[in-house]
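Novice: Pasting upload05.txt below, which is compact mmCIF, C-alpha atoms.
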```
# COMPACT_ATOMS: atom_id res chain seq x y z
CA MET A 174 0.71 13.88 -58.40
CA ARG A 175 1.68 17.48 -57.59
CA ARG A 176 -1.93 18.03 -56.46
CA LEU A 177 -1.47 15.56 -53.60
CA ARG A 178 0.10 16.56 -50.29
CA ASP A 179 1.33 14.78 -47.17
CA GLY A 180 -1.49 13.91 -44.77
CA GLN A 181 -4.20 14.30 -47.41
CA ALA A 182 -7.24 12.02 -47.24
CA VAL A 183 -7.78 9.91 -50.37
CA SER A 184 -10.01 7.04 -51.45
CA LEU A 185 -8.48 4.06 -53.22
CA GLU A 186 -10.70 1.83 -55.37
CA VAL A 187 -8.86 -1.41 -56.12
CA GLU A 188 -10.02 -3.84 -58.80
CA ALA A 189 -11.80 -6.91 -57.36
CA LEU A 190 -12.20 -5.41 -53.87
CA GLU A 191 -15.76 -4.88 -52.67
CA THR A 192 -15.04 -1.71 -50.71
CA ASN A 193 -13.00 1.44 -51.24
CA LEU A 194 -9.96 1.91 -49.01
CA GLU A 195 -9.85 5.22 -47.15
CA CYS A 196 -6.22 6.29 -46.71
CA LEU A 197 -3.93 9.14 -45.76
CA VAL A 198 -0.93 10.13 -47.90
CA ILE A 199 2.39 9.41 -46.17
CA ALA A 200 4.80 10.30 -48.97
CA ILE A 201 4.91 11.32 -52.64
CA GLU A 202 7.84 10.25 -54.77
CA GLY A 203 7.70 11.06 -58.48
CA ASN A 204 4.57 9.38 -59.87
CA GLU A 205 4.04 7.18 -56.81
CA ALA A 206 2.28 7.82 -53.50
CA THR A 207 2.67 5.82 -50.29
CA LEU A 208 -0.65 5.51 -48.46
CA ASP A 209 -1.54 4.64 -44.87
CA PRO A 210 -4.92 2.80 -44.86
CA ILE A 211 -7.19 3.89 -42.02
CA TYR A 212 -8.58 0.36 -41.69
CA LYS A 213 -5.58 -1.96 -42.01
CA SER A 214 -7.57 -5.21 -42.19
CA PHE A 215 -9.24 -4.24 -45.48
CA SER A 216 -5.90 -3.40 -47.10
CA MET A 217 -4.50 -6.91 -46.56
CA SER A 218 -6.51 -8.05 -49.59
CA VAL A 219 -4.49 -5.81 -51.94
CA SER A 220 -2.02 -7.76 -54.09
CA THR A 221 1.71 -7.36 -53.54
CA VAL A 222 2.40 -7.46 -57.29
CA GLY A 223 0.06 -4.66 -58.37
CA THR A 224 -3.60 -4.32 -59.33
CA ASN A 225 -5.52 -1.77 -61.40
CA ALA A 226 -6.83 0.98 -59.13
CA LEU A 227 -8.42 4.42 -59.02
CA LEU A 228 -7.30 7.13 -56.60
CA THR A 229 -9.83 9.83 -55.75
CA PHE A 230 -9.28 13.02 -53.75
CA GLU A 231 -10.33 16.67 -53.55
CA HIS A 232 -8.17 19.47 -54.97
CA GLN A 233 -9.29 23.10 -54.72
CA GLY A 234 -12.89 22.03 -54.23
CA ARG A 235 -12.92 19.70 -57.23
CA LEU A 236 -12.82 15.91 -57.33
CA VAL A 237 -9.70 14.46 -58.97
CA MET A 238 -9.49 10.84 -60.14
CA LEU A 239 -6.21 9.18 -61.14
CA ARG A 240 -5.87 5.76 -62.73
CA GLY A 241 -2.92 3.59 -61.76
CA ARG A 242 -1.67 0.44 -60.10
CA ALA A 243 -1.88 -0.33 -56.37
CA ARG A 244 0.24 -2.80 -54.46
CA ARG A 245 0.77 -3.70 -50.82
CA GLU A 246 4.20 -3.49 -49.15
CA ASP A 247 5.42 -3.62 -45.56
CA ASP A 248 5.38 0.18 -45.23
CA GLY A 249 1.81 0.58 -46.52
CA LEU A 250 -0.03 0.75 -49.83
CA HIS A 251 1.67 2.15 -52.93
CA PHE A 252 -0.23 3.78 -55.79
CA ALA A 253 1.62 4.49 -59.06
CA VAL A 254 -0.07 6.65 -61.70
CA THR A 255 -0.39 5.17 -65.19
CA ASP A 256 -2.28 8.16 -66.63
CA LYS A 257 0.72 9.89 -68.22
CA VAL A 258 -1.02 13.27 -68.38
CA THR A 259 -1.06 13.54 -64.59
CA VAL A 260 2.47 12.34 -63.87
CA GLU A 261 5.01 14.85 -62.54
CA GLN A 262 8.40 13.82 -63.85
CA ARG A 263 10.62 15.41 -61.18
CA ARG A 264 11.66 12.85 -58.55
CA ARG A 265 10.99 14.06 -55.01
CA TYR A 266 11.51 12.29 -51.72
CA ALA A 267 9.39 12.92 -48.66
CA ARG A 268 11.08 14.76 -45.79
CA VAL A 269 10.46 14.66 -42.06
CA GLU A 270 11.80 16.65 -39.11
CA ALA A 271 14.11 14.49 -36.99
CA ALA A 272 17.04 15.23 -34.67
CA LEU A 273 19.48 12.41 -35.47
CA PRO A 274 23.20 12.14 -34.59
CA VAL A 275 25.45 13.07 -37.52
CA MET A 276 29.23 12.92 -37.92
CA LEU A 277 30.87 14.86 -40.78
CA THR A 278 34.43 14.28 -41.95
CA PRO A 279 36.17 16.58 -44.48
CA LEU A 280 37.79 14.72 -47.39
CA ASN A 281 40.64 15.61 -49.73
CA GLY A 282 40.62 15.24 -53.50
CA SER A 283 41.46 11.54 -53.18
CA GLY A 284 38.56 10.90 -50.84
CA GLU A 285 40.78 10.50 -47.78
CA PRO A 286 40.01 12.14 -44.40
CA ALA A 287 41.47 15.66 -44.40
CA GLY A 288 40.30 17.10 -41.11
CA LYS A 289 38.83 16.44 -37.72
CA PRO A 290 35.31 14.90 -37.73
CA VAL A 291 32.56 17.22 -36.52
CA ALA A 292 29.59 15.96 -34.50
CA THR A 293 26.23 17.63 -35.11
CA ARG A 294 22.60 16.61 -35.65
CA SER A 295 19.97 16.74 -38.34
CA PHE A 296 17.01 19.10 -38.45
CA ASP A 297 15.19 17.08 -41.10
CA VAL A 298 16.02 14.14 -43.33
CA SER A 299 14.90 12.53 -46.58
CA ALA A 300 16.15 9.73 -48.82
CA ASP A 301 17.86 12.38 -50.96
CA GLY A 302 19.54 14.66 -48.43
CA VAL A 303 19.68 16.10 -44.94
CA LEU A 304 19.35 19.55 -43.35
CA LEU A 305 21.89 19.94 -40.55
CA GLU A 306 21.83 22.09 -37.44
CA ALA A 307 25.23 23.52 -38.41
CA GLN A 308 26.87 25.92 -40.84
CA ILE A 309 29.14 24.14 -43.31
CA SER A 310 31.84 26.15 -45.05
CA PRO A 311 31.37 26.35 -48.86
CA THR A 312 35.12 25.74 -49.16
CA LEU A 313 34.65 22.14 -48.06
CA GLN A 314 34.06 20.50 -51.43
CA ARG A 315 33.84 16.90 -50.20
CA LEU A 316 32.46 15.54 -46.94
CA ARG A 317 31.77 12.10 -45.55
CA LEU A 318 28.52 11.74 -43.64
CA SER A 319 27.66 9.20 -40.96
CA LEU A 320 23.97 9.37 -39.98
CA LEU A 321 22.62 7.19 -37.20
CA LEU A 322 19.06 5.93 -37.64
CA PRO A 323 17.11 4.48 -34.69
CA ASP A 324 16.76 1.06 -36.36
CA GLY A 325 19.66 -0.61 -34.58
CA ALA A 326 21.64 -1.00 -37.83
CA PRO A 327 25.03 0.61 -38.63
CA PRO A 328 24.97 4.32 -39.56
CA VAL A 329 24.09 5.47 -43.07
CA GLU A 330 27.43 6.43 -44.61
CA CYS A 331 28.07 8.24 -47.89
CA ASP A 332 29.70 11.32 -49.39
CA VAL A 333 27.66 14.53 -49.32
CA ARG A 334 27.91 17.96 -50.86
CA LEU A 335 26.63 21.32 -49.71
CA ILE A 336 23.56 22.50 -51.65
CA ARG A 337 22.71 25.70 -49.78
CA GLN A 338 22.73 27.49 -46.43
CA VAL A 339 19.34 27.91 -44.72
CA GLY A 340 19.90 30.44 -41.94
CA TRP A 341 22.26 28.70 -39.51
CA ARG A 342 21.52 25.33 -41.08
CA SER A 343 23.14 23.55 -44.04
CA ALA A 344 21.38 21.48 -46.70
CA LEU A 345 23.44 18.53 -47.93
CA ARG A 346 22.74 16.07 -50.73
CA TYR A 347 23.89 12.45 -50.66
CA SER A 348 26.36 11.21 -53.26
CA GLY A 349 27.01 7.53 -53.85
CA ILE A 350 24.52 6.37 -51.22
CA SER A 351 23.72 2.65 -51.41
CA ASP A 352 20.26 1.46 -52.45
CA CYS A 353 19.96 -0.28 -49.07
CA ASP A 354 20.66 2.90 -47.08
CA ARG A 355 18.31 4.95 -49.26
CA GLU A 356 15.57 2.40 -48.63
CA ARG A 357 16.26 2.57 -44.87
CA LEU A 358 15.83 6.35 -45.01
CA LYS A 359 12.58 6.06 -46.97
CA CYS A 360 11.23 3.59 -44.39
CA PHE A 361 12.28 5.85 -41.51
CA VAL A 362 10.56 8.89 -43.03
CA ALA A 363 7.39 6.92 -43.81
CA GLU A 364 7.24 5.52 -40.27
CA ARG A 365 7.68 8.97 -38.67
CA LYS A 366 4.94 10.39 -40.88
CA ARG A 367 2.69 7.46 -40.03
CA GLU A 368 3.27 8.09 -36.30
CA ALA A 369 2.42 11.79 -36.73
CA LEU A 370 -0.78 10.99 -38.62
CA THR A 371 -1.82 8.46 -35.99
CA ALA A 372 -1.24 10.99 -33.20
CA GLN A 373 -3.23 13.58 -35.16
CA ARG A 374 -6.17 11.19 -35.58
CA GLU A 375 -6.16 10.40 -31.86
CA LYS A 376 -6.46 14.04 -30.78
```
Write the structure described by the file as structure tokens, please.

Specialist:
Amino acid sequence: MRRLRDGQAVSLEVEALETNLECLVIAIEGNEATLDPIYKSFSMSVSTVGTNALLTFEHQGRLVMLRGRARREDDGLHFAVTDKVTVEQRRRYARVEAALPVMLTPLNGSGEPAGKPVATRSFDVSADGVLLEAQISPTLQRLRLSLLLPDGAPPVECDVRLIRQVGWRSALRYSGISDCDRERLKCFVAERKREALTAQREK
């Protein structure tokens, strides 16, 4: 899957469908790709439980074909590779630039608030971590993050730790995030990428 990239055009051949589905890649996560079908009506025939499929795309001027399983979900089509030779084992979540309100609270060793909360904003987000428009001191070992998504639901809240400084920005990784909040982040990223691809096609 490392040969795929966000926004790449691919062709999905699904067992029992009479036509190939032309799609754009929205996100790549481990051995699974989320796809945005160009013609939505055709994709409605894809099973929600998974069907044998073939993904075809160009890489460095050569045609690549991957065998796997395709299924339909609310956020698009998902293709998971079953050809073990082509699977990249490292898990990776898609990332998108987004300025979202963030509140950070320092914690003590017992996990209790140990300082004044700091309001800032994100530069980009993923389901694994966030890059903030702020410099976080490496001496702050534990932090509590509150990240507000534009879905009308309560903020995503979890502990975070500093991974690295990127110029004046700070990269944080979530710790103890709930499955529900991680799924909300994945849906947010996929939707933003889908909007960007739609705008690009309309130009």

Novice: Write out as JSON lines the residues of segment 199-225 of chain A that have any atom within 12 Å of an atom of segment 268-278 of chain A, one row each with the nearest atom pair and its distance in Å to one decimal, counting all atoms listed in the file, sorted by chain and then rising number.

Specialist:
```
{"residue": "A:Ile199", "atom": "CA", "partner": "A:Arg268", "partner_atom": "CA", "distance": 10.2}
{"residue": "A:Ala200", "atom": "CA", "partner": "A:Arg268", "partner_atom": "CA", "distance": 8.3}
{"residue": "A:Ile201", "atom": "CA", "partner": "A:Arg268", "partner_atom": "CA", "distance": 9.8}
{"residue": "A:Glu202", "atom": "CA", "partner": "A:Arg268", "partner_atom": "CA", "distance": 10.6}
```

Novice: Restricting it to C-alpha atoms, dump the selection as a PDB file, in the frame of the given file.

Specialist:
```pdb
ATOM      1  CA  ILE A 199       2.390   9.410 -46.170  1.00  0.00           C
ATOM      2  CA  ALA A 200       4.800  10.300 -48.970  1.00  0.00           C
ATOM      3  CA  ILE A 201       4.910  11.320 -52.640  1.00  0.00           C
ATOM      4  CA  GLU A 202       7.840  10.250 -54.770  1.00  0.00           C
TER       5      GLU A 202
END
```

Novice: Work out how far apart atom CA of Leu177 of chain A and atom CA of Val198 of chain A are and give it in Å to one decimal.

Specialist: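 Computed distance, atom CA of Leu177 of chain A to atom CA of Val198 of chain A, equals 7.9 Å.
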
Novice: Determine, counting only C-alpha atoms, which protein, DNA and RNA residues have an atom within 12 Å of an atom of Arg346 of chain A; residues of the same chain fewer than 2 positions away are not included. Present the result as a VMD selection string.

Specialist: chain A and resid 266 298 to 305 315 to 318 331 to 337 343 to 344 348 to 350

Novice: Figure out the distance between atom CA of Arg235 of chain A and atom CA of Thr207 of chain A, please, to one decimal in Å.

Specialist: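 Those two atoms sit 22.0 Å apart.
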
Novice: Find the distance between atom CA of Phe252 of chain A and atom CA of Glu188 of chain A and write it in Å to one decimal.

Specialist: 12.8 Å

Novice: Val187 of chain A: which residues within 8 Å, counting all atoms listed in the file, same-chain residues fewer than 6 positions away excluded, as a list in words?

Specialist: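 These residues fall inside the cut-off: Asn193, Leu194, Val219, Thr224, Asn225, Ala226, Leu227 and Ala243 of chain A.
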
Novice: Which residues come within 6 Å of Leu250 of chain A, counting all atoms listed in the file, excluding same-chain residues fewer than 2 positions away, as an mmCIF file with C-alpha atoms, in the frame of the given file?

Specialist:
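Saved the output as result_9.cif:
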```
data_model
loop_
_atom_site.group_PDB
_atom_site.id
_atom_site.type_symbol
_atom_site.label_atom_id
_atom_site.label_comp_id
_atom_site.auth_asym_id
_atom_site.auth_seq_id
_atom_site.Cartn_x
_atom_site.Cartn_y
_atom_site.Cartn_z
ATOM 1 C CA THR A 207 2.670 5.820 -50.290
ATOM 2 C CA LEU A 208 -0.650 5.510 -48.460
ATOM 3 C CA ARG A 244 0.240 -2.800 -54.460
ATOM 4 C CA ARG A 245 0.770 -3.700 -50.820
#
```

Novice: Would you please work out which residue, of A:Ala267, A:Leu345, A:Leu280, A:Cys353, is nearest to Glu306 of chain A when using only C-alpha atoms?

Specialist: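 Checking each candidate against Glu306 of chain A, we get A:Leu345 as the closest.
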
Novice: When distances are computed from only C-alpha atoms, which of A:Gly203, A:Gly284, A:Pro323, A:Gly241 shows the smallest separation from Val254 of chain A?

Specialist: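 Looking at the shortest contact to Val254 of chain A, the residue is A:Gly241.
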
Novice: For Glu368 of chain A, which of A:Leu185, A:Leu190, A:Leu197, A:Met217 is the closest residue, counting all atoms listed in the file?

Specialist: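 The shortest atom-to-atom distance to Glu368 of chain A comes from A:Leu197.
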
Novice: Using all atoms listed in the file, which residue out of A:Leu239, A:Gly249, A:Ala287, A:Phe215 lies closest to Ala363 of chain A?

Specialist: A:Gly249

Novice: Can you work out which one of A:Leu322, A:Ala189, A:Val183, A:Ala292 has the shortest atom-to-atom distance to Leu236 of chain A, counting only C-alpha atoms?

Specialist: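 Ranking A:Leu322, A:Ala189, A:Val183, A:Ala292 by distance to Leu236 of chain A, first place goes to A:Val183.
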
Novice: Just checking: using only C-alpha atoms, which residue out of A:Ile309, A:Val237, A:Val339, A:Ala206 ends up closest to Thr293 of chain A?

Specialist: A:Ile309
